Amino acid sequence: MDSGVRVNPAGTPESQTTEGGSSGLSLYVHIPFCETKCHYCDFNTYAGIEALIPGYLSALETEIRFWGRGLSRPKVSTVFFGGGTPSYVPIEGIEAICAAIFEAFDVDDGAEVTLESNPGDYSRHDLTRYIGAGINRLSIGVQSLDDGLLKSLSRRHDAETAIGAYQSARQAGFENINLDLMFGLSDQTIEQWRDSVACVIALRPEHLSLYALTLEPGTPLDAMVKSGEVADPDPDLAADMYLYAESALGDAGFDHYEISNWSLPDRESRHNLAYWLNAPYLGVGPGAHSYLPNRRFAALRSPRRYVDLFGGVLPEGDPVEALSSLRILESVEPVTATMELADTMMMGMRLSRGIRTDEFLARFGTNISDVFGPLIDELSGMGLLVSDEVGIRLSNSGHLLGNEVFERFVTASAEVTLPGNY
Ligand code: SF4
């Protein structure tokens with residue numbers, strides 16, 4: 001499931017305003033539990049450790065209150081429960097965590113609060129309770145609307161359950177729903193993909209995330225493909241599926257605002273926009289990454305160790321140093337100007353709006369053309385980039401070669417010297 005936390009953007013001044021008018025932190029809450037582990041998944045999530053859930057929720061609450069105190073109850077503009085499967089833990093636990101967040105942080109009145117969910121995990125009554133707890137955006141891991149493909153992905157639900165979950169969410173009052181779909185699956189045909197896309201268009205969610213299957217090293221699916229048990233996904237067919245979705249969703253009124261994401265007007269994921277605009281965020285839970293001004297850090301990955309350590313005494317003082325001293329934070333590094341520049345370029349270029357000239361100047365004190373002029377000219381000449389007075393962005397053909405373009409900007413960033421007052 002998409003959590004947003006696996007991206008790794010750089011820090012930026014806390015006062016920076018992100019698109020959508022938010023100016024506070026984005027808060028990511030990691031829930032590392034799944035009923036079963038899907039065989040393509042390499043996220044930091046586990047099946048069969050349900051006995052840990054009560055202790056985990058208590059440790060998570062402790063961490064949330066710790067950061068609220070340590071950062072002097074900062075403003076928060078978006079909250080995202082990801083994982084893992086947040087809808088798999090008892091609803092009382094989610095309610096308690098929401099209450100702790102609203103107490104410990106100054107959450108905007110209009111904050112976007114998202115919960116990732118698996119179809120079939122909840123009833124309409126549960127959905128009403130989520131709304132009562134402050135959750136106003138539901139992300140549903142549909143993945144496919146073909147029962148055979150769902151089975152081959154080792155998902156626990158079928159297409160009917162996924163559609164039923166969406167309809168229940170609407171009936172419960174959710175007015176902002178994301179559906180996740182996967183494409184480029186082994187043995188998936190373009191007809192199956194067209195059917196799934198047509199079905200989600202008919203449902204008319206506010207937001208769609210479409211992800212190509214990637215074979216992550218060490219996953220059971222990777223081993224199955226290597227052994228020949230499962231067919232190797234065809235990248236050319238995956239590209240055709242992507243182009244088909246781009247066209248069909250465009251015709252249906254969805255804005256392709258980020259490489260893997262589409263939305264109805266003004267319904268972009270504000271939480272993920274904060275990552276792509278390289279704004280600050282705090283992640284809580286094992287394996288969560290954070291980016292505060294001038295520092296980025298990541299927590300230890302083991303849920304069990306996380307529970308043990310948050311059960312002990314927490315030192316006073318700077319919260320990053322305090323959690324580092326306990327080894328709850330495994331890596332802490334300063335954000336250099338080069339890192340911030342590279343991350344701003346790499347993440348911002350994912351957006352269809354690209355990097356805006358005025359925002360670049362305001363952030364780095366210099367013109368983007370003075371920093372990357374020759375590279376912009378070269379990539380524009382290759383037809384991969386569009387450049388005008390508003391800014392730079394990927395061209396249509398650049399979308400399919402996005403990683404190569406990002407890499408060029410990251411490499412070029414390492415050679416740049418920014419103005420001294422930056
Ligand atoms: S439900 Fe999502 S997070 Fe859990 S194992 Fe499957 S893909 Fe991974």
# chains A, B, ... in the order shown; residues from 1 in each chain; ligands from 1

$ select_by_dssp --residues "region 113-152 of chain A" --states "strand (DSSP E)" --output "list in words"
Val113, Thr114, Leu115, Glu116, Ser117, Arg137, Leu138, Ser139, Ile140, Gly141, Val142 and Gln143 of chain A

$ residues_near_ligand --ligand "ligand 1" --cutoff "10 Å" --atoms "only C-alpha atoms and all ligand atoms" --output "ChimeraX atom specification"
/A:1-3,31-47,82-88,116-119,141,143,153-156

$ residues_around --residues "Gly93 (chain A)" --least-positions-apart "2" --cutoff "10 Å" --atoms "only C-alpha atoms" --output "PyMOL selection string"
chain A and resi 53-54+56-58+61+86+89-91+95-99

$ atom_distance --atom1 "CA of Gly55 (chain A)" --atom2 "CA of Val307 (chain A)"
6.3 Å

$ atom_distance --atom1 "CA of Glu160 (chain A)" --atom2 "CA of Cys199 (chain A)"
11.4 Å

$ atom_distance --atom1 "CA of Gly110 (chain A)" --atom2 "CA of Ile135 (chain A)"
11.2 Å

$ closest_residue --among "A:Pro235, A:Pro315, A:Gly287, A:Pro280" --to "Ser26 (chain A)" --atoms "only C-alpha atoms"
A:Pro280

$ select_by_dssp --residues "region 108-276 of chain A" --states "helix (DSSP H, G or I)" --output "VMD selection string"
chain A and resid 124 to 133 147 to 152 159 to 172 190 to 203 220 to 227 235 to 251 270 to 276

$ residues_around --residues "Leu282 (chain A)" --least-positions-apart "6" --cutoff "12 Å" --atoms "only C-alpha atoms" --output "short mmCIF file (atom, residue, chain, number, x, y, z; two decimals) with C-alpha atoms, in the first residue's frame"
data_model
loop_
_atom_site.label_atom_id
_atom_site.label_comp_id
_atom_site.auth_asym_id
_atom_site.auth_seq_id
_atom_site.Cartn_x
_atom_site.Cartn_y
_atom_site.Cartn_z
CA GLY A 4 4.12 8.26 1.09
CA VAL A 5 6.84 7.82 3.68
CA ASN A 8 12.90 10.68 0.82
CA PRO A 9 12.56 14.42 0.31
CA ALA A 10 14.77 17.05 1.83
CA GLY A 11 13.91 19.46 4.62
CA GLU A 14 9.01 25.24 8.45
CA GLY A 24 2.45 23.21 8.95
CA LEU A 25 4.12 19.86 9.24
CA SER A 26 2.88 16.77 7.50
CA LEU A 27 2.61 13.89 9.96
CA TYR A 28 3.02 10.28 8.85
CA VAL A 29 1.86 7.53 11.24
CA HIS A 30 3.19 4.05 10.51
CA GLU A 63 5.96 8.87 20.66
CA ILE A 64 3.27 11.26 19.40
CA TRP A 67 7.17 14.90 19.65
CA GLY A 68 4.28 17.23 20.48
CA LEU A 71 8.49 20.52 19.08
CA PRO A 74 3.70 22.40 16.15
CA LYS A 75 1.13 23.17 13.51
CA VAL A 76 0.15 20.12 11.46
CA SER A 77 -1.60 20.41 8.09
CA THR A 78 -1.86 16.79 6.99
CA VAL A 79 -1.90 13.42 8.74
CA PHE A 80 -1.45 10.12 6.94
CA PHE A 105 -0.21 18.86 17.79
CA HIS A 271 0.04 15.01 2.22
CA ALA A 274 4.21 18.13 0.80
CA TYR A 275 6.79 15.43 -0.03
CA ALA A 288 9.43 6.06 9.58
CA HIS A 289 11.50 8.82 7.97
CA SER A 290 11.35 12.47 8.95
CA TYR A 291 12.53 15.76 7.57
CA LEU A 292 12.69 18.75 9.85
CA PRO A 293 14.57 21.92 8.96
CA ARG A 295 17.92 17.44 9.63
CA ARG A 296 16.56 14.24 8.32
CA PHE A 297 16.35 11.03 10.26
CA ALA A 298 14.87 7.53 10.31
CA ALA A 299 13.62 5.34 13.14
CA PRO A 319 13.88 15.36 20.77
CA VAL A 320 16.10 14.21 17.89
#

$ closest_residue --among "A:Ile376, A:Met224, A:Val230, A:Val200" --to "Ala252 (chain A)" --atoms "only C-alpha atoms"
A:Val200
